[in-house]
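J.: Quick one: structure below, then a few questions.
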Amino acid sequence: MITAHLTVDPHFEVGSINRRLFGSFVEHLGRCVYDGIYEPGHPTADAEGFRQDVIELVRELGVSTVRYPGGNFVSGFRWEDSVGPRDDRPRRLDLAWHSTETNEVGLHEFAGWLEKIDSELMLALNLGTRGTLEALDLVEYSNIRGGSTLSEQRVANGRSEPFGVQMWCLGNEMDGPWQLGHRSAEDYGKLASQTAKALRQLDPSVELVVCGSSSAHMPTFGEWERVVLTEAYDDVDYISCHAYYQEKNGDLGSFLASAVDMDHFIDTVVATADHVRSVKRSDKQINISFDEWNVWYTDRYHAEEELTGIDNWPIAPRLLEDVYSVADAVVFGNLLISLLKHADRVTSASLAQLVNVIAPIMTEPGGPAWKQTTFFPFAITSRLASGTALEVKLDAPVYDTAVYGTVPLIDAVATHDAETGRTAVFLVNRSQTEEVTVTIDIGTLGGVAVLSAQTLSDSDIGARNTLADPERVGLADNGSAAVAGGTATVTLPAVSWTAIELG
Ligand code: AHR
């Protein structure tokens, strides 16, 4: 029998969990918006054309903040196209995804949808093909109550109260050569600094995210962060991280250890931000907005899906519609564990994306909406992880991977809510063949019992939920979880993710 041991102690605090850690991302890409959240002809559509079956699933998922409207899309976006009378809105060619954007859903409609799901709007600004002035215009339109042409235009367009958007991204993935308006770290850092200063003059309450690296594997990673923050440290609040993982060349062992890479990514960006802070003798701490993360089979996108052709600009094509397996969901749950382990510095995050596009929720036009395997770890973690993230003292066997070296077979994090007295423990077993029995020292929690224990696993780790079989994969109660004499025990199946609630 393989065993591992954890100690969960409410004194081992990492930091408070910001609800923004459970954010998501809606981009005008593929069928995320059109035929995703919005489908006026659908039997469940409300008066505004939004699918209520999707709204119910998004509510169950428990997303806090939603980043919008891109992504790569934003670097060619003119925000003015997306407001005002619908019939007057232009149709534009979106170069990022080689699609036609009808602008039927824009800022007002999307903000209205967010009210239905009770989530916060996070807007990305176009600093690729546009600049400081257009960014100022959008913030004025969104956040100034009235009395100026742009704020009065918002009122005339049906929104008397300001949108009051707090979180703003200063562009998207500006380190990426694929990005419209991609530039050097120094040029981008200067533009971000100038834009941030201007935005704060307009609205001092804004929280600003400067672009970090599109992945820890970019050739400029590390130096990009150092240079950008050297230019913009005093002007911004967050630096972004983006990371996508996929199983490559049948190397499941490395794929299952993807969170090791995310841990390292976060630690490195924190170290770089703190280095710049010390050079600047600054009192201010820059935190991380991990505003794109997920499993994404990018190789498949480039090989099979990428659209081309001068006469080929479809509306809402099926793009990036990855269908997630149990193994994908275990990795995904582990990425959430990594975010929680860094809750002191990762204070905002966005699962990319929300519906149809690399998403936990899928829809069929005129048909049903269903949960992908990744829905379950997100929904449960969002519901149970509150209060403070705790470091767990982990003693586990290790295994060798081709990509990340020797890594622990188990990964875990705990959270403790002093108000409710509840503790949650999230665990993954990365073994491909063996179950692992974990003993958890919970003596300092006092007399607690297992309130729930749920596991995602399957004898077929390739099992998926599909239109034909939408409930093939789900969570199961883990009957092995028990508490006796200050120790909890639980057995984790091979390739599994588990959440235990104690209280
Ligand atoms: O989420 C899909 C794409 O991934 C986003 O548009 C871009 O920012 C990233 O490269």
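All residue names refer to the structure tokens as shown: chains lettered A, B, ... in order, residues numbered from 1 in each chain, ligands numbered from 1 in order.
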Do you know which residues are within 6 Å of ligand 1 using only C-alpha atoms and all ligand atoms? Can you write them as a list in words?
T.: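 I would give the residues around ligand 1 as Gly70, Gly71, Asn72, Asn172, Glu173 and Ala352 of chain A.
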J.: Write out as a ChimeraX atom specification which residues come within 12 Å of stretch 220-230 of chain A when counting only C-alpha atoms, dropping same-chain ones fewer than 4 positions away.
T.: /A:170,173-177,183-193,209-216,234-242,264-282,285-288
J.: Quick check, in Å to one decimal: how far apart do atom CA of A:Pro365 and atom CA of A:Glu39 lie?
T.: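 Atom-to-atom, atom CA of A:Pro365 to atom CA of A:Glu39, that is 7.5 Å.
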J.: Between stretch 64-132 of chain A and stretch 147-164 of chain A, at 10 Å or less, what are the per-residue closest atom pairs and their distances in Å? Count only C-alpha atoms, order by chain and rising residue number, and return it as CSV.
T.:
```
residue,atom,partner,partner_atom,distance
A:Val83,CA,A:Asn157,CA,7.4
A:Gly84,CA,A:Asn157,CA,5.5
A:Pro85,CA,A:Asn157,CA,7.4
A:Leu107,CA,A:Phe163,CA,9.5
A:His108,CA,A:Arg159,CA,7.7
A:Ala111,CA,A:Phe163,CA,7.7
A:Gly112,CA,A:Arg159,CA,9.9
A:Glu120,CA,A:Gly164,CA,9.7
A:Leu121,CA,A:Phe163,CA,8.5
```
J.: Run DSSP on the backbone and give me the residues of stretch 285-343 of chain A it puts in helix (DSSP H, G or I), as a ChimeraX atom specification.
T.: /A:298-305,326-341
J.: Could you save the residues just selected, with N, CA, C and O atoms, as a compact mmCIF listing (two decimals), in the first residue's frame?
T.:
```
# COMPACT_ATOMS: atom_id res chain seq x y z
N THR A 298 -3.25 23.14 -27.60
CA THR A 298 -2.87 24.16 -28.57
C THR A 298 -2.31 23.54 -29.85
O THR A 298 -2.51 24.08 -30.94
N ASP A 299 -1.62 22.41 -29.71
CA ASP A 299 -1.05 21.77 -30.91
C ASP A 299 -2.17 21.39 -31.88
O ASP A 299 -2.04 21.54 -33.09
N ARG A 300 -3.27 20.89 -31.32
CA ARG A 300 -4.40 20.49 -32.17
C ARG A 300 -5.01 21.72 -32.85
O ARG A 300 -5.35 21.70 -34.04
N TYR A 301 -5.11 22.83 -32.10
CA TYR A 301 -5.65 24.05 -32.69
C TYR A 301 -4.83 24.46 -33.91
O TYR A 301 -5.38 24.71 -34.99
N HIS A 302 -3.50 24.51 -33.74
CA HIS A 302 -2.66 24.98 -34.86
C HIS A 302 -2.68 23.98 -36.02
O HIS A 302 -2.65 24.38 -37.18
N ALA A 303 -2.76 22.68 -35.71
CA ALA A 303 -2.70 21.67 -36.78
C ALA A 303 -4.03 21.53 -37.52
O ALA A 303 -4.06 21.28 -38.72
N GLU A 304 -5.15 21.69 -36.80
CA GLU A 304 -6.44 21.30 -37.40
C GLU A 304 -7.46 22.42 -37.54
O GLU A 304 -8.38 22.31 -38.34
N GLU A 305 -7.35 23.47 -36.73
CA GLU A 305 -8.49 24.38 -36.65
C GLU A 305 -8.25 25.77 -37.19
O GLU A 305 -9.20 26.46 -37.56
N VAL A 326 -11.05 12.80 -18.00
CA VAL A 326 -10.85 12.74 -16.55
C VAL A 326 -9.43 13.17 -16.21
O VAL A 326 -9.20 13.97 -15.28
N ALA A 327 -8.44 12.68 -16.97
CA ALA A 327 -7.04 13.06 -16.70
C ALA A 327 -6.86 14.58 -16.82
O ALA A 327 -6.18 15.21 -16.00
N ASP A 328 -7.49 15.17 -17.84
CA ASP A 328 -7.42 16.64 -18.00
C ASP A 328 -7.97 17.34 -16.75
O ASP A 328 -7.41 18.33 -16.27
N ALA A 329 -9.08 16.80 -16.23
CA ALA A 329 -9.73 17.44 -15.08
C ALA A 329 -8.89 17.29 -13.81
O ALA A 329 -8.90 18.17 -12.94
N VAL A 330 -8.14 16.20 -13.71
CA VAL A 330 -7.26 16.01 -12.55
C VAL A 330 -6.13 17.05 -12.60
O VAL A 330 -5.81 17.69 -11.60
N VAL A 331 -5.56 17.23 -13.78
CA VAL A 331 -4.52 18.26 -13.94
C VAL A 331 -5.12 19.64 -13.63
O VAL A 331 -4.52 20.45 -12.91
N PHE A 332 -6.28 19.88 -14.15
CA PHE A 332 -6.99 21.16 -13.95
C PHE A 332 -7.20 21.40 -12.44
O PHE A 332 -6.94 22.50 -11.93
N GLY A 333 -7.68 20.37 -11.73
CA GLY A 333 -7.89 20.51 -10.28
C GLY A 333 -6.57 20.81 -9.57
O GLY A 333 -6.53 21.57 -8.60
N ASN A 334 -5.49 20.22 -10.09
CA ASN A 334 -4.17 20.47 -9.50
C ASN A 334 -3.72 21.91 -9.76
O ASN A 334 -3.05 22.52 -8.94
N LEU A 335 -4.10 22.48 -10.91
CA LEU A 335 -3.76 23.88 -11.18
C LEU A 335 -4.46 24.80 -10.16
O LEU A 335 -3.89 25.77 -9.68
N LEU A 336 -5.70 24.44 -9.81
CA LEU A 336 -6.41 25.21 -8.78
C LEU A 336 -5.69 25.10 -7.43
O LEU A 336 -5.61 26.07 -6.67
N ILE A 337 -5.15 23.90 -7.14
CA ILE A 337 -4.38 23.73 -5.90
C ILE A 337 -3.17 24.65 -5.93
O ILE A 337 -2.84 25.31 -4.93
N SER A 338 -2.51 24.73 -7.08
CA SER A 338 -1.33 25.60 -7.20
C SER A 338 -1.71 27.07 -6.95
O SER A 338 -1.00 27.79 -6.23
N LEU A 339 -2.83 27.50 -7.52
CA LEU A 339 -3.26 28.90 -7.31
C LEU A 339 -3.50 29.15 -5.81
O LEU A 339 -3.07 30.17 -5.26
N LEU A 340 -4.19 28.20 -5.16
CA LEU A 340 -4.47 28.38 -3.73
C LEU A 340 -3.19 28.38 -2.89
O LEU A 340 -3.09 29.11 -1.91
N LYS A 341 -2.22 27.56 -3.29
CA LYS A 341 -0.95 27.50 -2.55
C LYS A 341 -0.23 28.85 -2.58
O LYS A 341 0.64 29.11 -1.77
```
J.: Mind checking which residues fall within 8 Å of A:Asp322, counting only C-alpha atoms, ignoring those fewer than 3 positions away in the same chain, and posting them as a list in words?
T.: Trp296, Tyr297, Val357, Ile358 and Ala359 of chain A
J.: Would you write out those residues with all heavy atoms, as a PDB file, in the first residue's frame?
T.:
```pdb
ATOM      1  N   TRP A 296      -5.243  23.173 -22.445  1.00  0.00           N
ATOM      2  CA  TRP A 296      -5.633  23.534 -23.827  1.00  0.00           C
ATOM      3  C   TRP A 296      -4.718  22.781 -24.789  1.00  0.00           C
ATOM      4  O   TRP A 296      -3.498  22.922 -24.706  1.00  0.00           O
ATOM      5  CB  TRP A 296      -5.537  25.047 -24.049  1.00  0.00           C
ATOM      6  CG  TRP A 296      -5.782  25.513 -25.463  1.00  0.00           C
ATOM      7  CD1 TRP A 296      -6.393  24.813 -26.472  1.00  0.00           C
ATOM      8  CD2 TRP A 296      -5.413  26.774 -26.040  1.00  0.00           C
ATOM      9  NE1 TRP A 296      -6.438  25.557 -27.625  1.00  0.00           N
ATOM     10  CE2 TRP A 296      -5.838  26.773 -27.395  1.00  0.00           C
ATOM     11  CE3 TRP A 296      -4.769  27.915 -25.549  1.00  0.00           C
ATOM     12  CZ2 TRP A 296      -5.631  27.865 -28.247  1.00  0.00           C
ATOM     13  CZ3 TRP A 296      -4.570  29.000 -26.404  1.00  0.00           C
ATOM     14  CH2 TRP A 296      -5.012  28.965 -27.737  1.00  0.00           C
ATOM     15  N   TYR A 297      -5.330  22.041 -25.719  1.00  0.00           N
ATOM     16  CA  TYR A 297      -4.546  21.293 -26.711  1.00  0.00           C
ATOM     17  C   TYR A 297      -4.215  22.235 -27.874  1.00  0.00           C
ATOM     18  O   TYR A 297      -4.791  22.161 -28.952  1.00  0.00           O
ATOM     19  CB  TYR A 297      -5.296  20.006 -27.116  1.00  0.00           C
ATOM     20  CG  TYR A 297      -5.203  19.008 -25.987  1.00  0.00           C
ATOM     21  CD1 TYR A 297      -6.053  19.079 -24.897  1.00  0.00           C
ATOM     22  CD2 TYR A 297      -4.180  18.066 -25.958  1.00  0.00           C
ATOM     23  CE1 TYR A 297      -5.913  18.221 -23.808  1.00  0.00           C
ATOM     24  CE2 TYR A 297      -4.028  17.203 -24.884  1.00  0.00           C
ATOM     25  CZ  TYR A 297      -4.901  17.284 -23.810  1.00  0.00           C
ATOM     26  OH  TYR A 297      -4.743  16.443 -22.734  1.00  0.00           O
ATOM     27  N   VAL A 357     -15.463  27.504 -25.612  1.00  0.00           N
ATOM     28  CA  VAL A 357     -14.060  27.685 -25.995  1.00  0.00           C
ATOM     29  C   VAL A 357     -13.182  27.258 -24.816  1.00  0.00           C
ATOM     30  O   VAL A 357     -13.186  27.922 -23.777  1.00  0.00           O
ATOM     31  CB  VAL A 357     -13.808  29.156 -26.363  1.00  0.00           C
ATOM     32  CG1 VAL A 357     -12.329  29.420 -26.594  1.00  0.00           C
ATOM     33  CG2 VAL A 357     -14.625  29.547 -27.592  1.00  0.00           C
ATOM     34  N   ILE A 358     -12.457  26.126 -24.960  1.00  0.00           N
ATOM     35  CA  ILE A 358     -11.668  25.548 -23.857  1.00  0.00           C
ATOM     36  C   ILE A 358     -12.391  25.795 -22.521  1.00  0.00           C
ATOM     37  O   ILE A 358     -11.847  26.408 -21.606  1.00  0.00           O
ATOM     38  CB  ILE A 358     -10.195  26.046 -23.855  1.00  0.00           C
ATOM     39  CG1 ILE A 358     -10.078  27.556 -24.068  1.00  0.00           C
ATOM     40  CG2 ILE A 358      -9.356  25.301 -24.857  1.00  0.00           C
ATOM     41  CD1 ILE A 358      -8.634  28.106 -23.895  1.00  0.00           C
ATOM     42  N   ALA A 359     -13.560  25.224 -22.414  1.00  0.00           N
ATOM     43  CA  ALA A 359     -14.506  25.680 -21.392  1.00  0.00           C
ATOM     44  C   ALA A 359     -15.050  24.553 -20.515  1.00  0.00           C
ATOM     45  O   ALA A 359     -15.180  23.418 -20.962  1.00  0.00           O
ATOM     46  CB  ALA A 359     -15.680  26.366 -22.088  1.00  0.00           C
TER      47      ALA A 359
END
```
J.: Give me, as a PyMOL selection string, all polymer residues having an atom no more than 10 Å from A:Ser325, counting only C-alpha atoms and skipping those fewer than 2 positions away in the same chain.
T.: chain A and resi 322-323+327-330+372-374+458+460-465+473
J.: May I ask for the distance between atom CA of A:Thr439 and atom CA of A:Ser258, given in Å to one decimal place?
T.: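 Straight-line distance from atom CA of A:Thr439 to atom CA of A:Ser258 works out to 24.3 Å.
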J.: Report the distance between atom CA of A:Thr401 and atom CA of A:Ser254 in Å, rounded to one decimal place.
T.: 5.1 Å
J.: May I ask which of the residues A:Ser24, A:Pro219, A:Ser16, A:Pro10 is the closest one to A:Ala424, counting only C-alpha atoms?
T.: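 The closest residue to A:Ala424 is A:Pro10.
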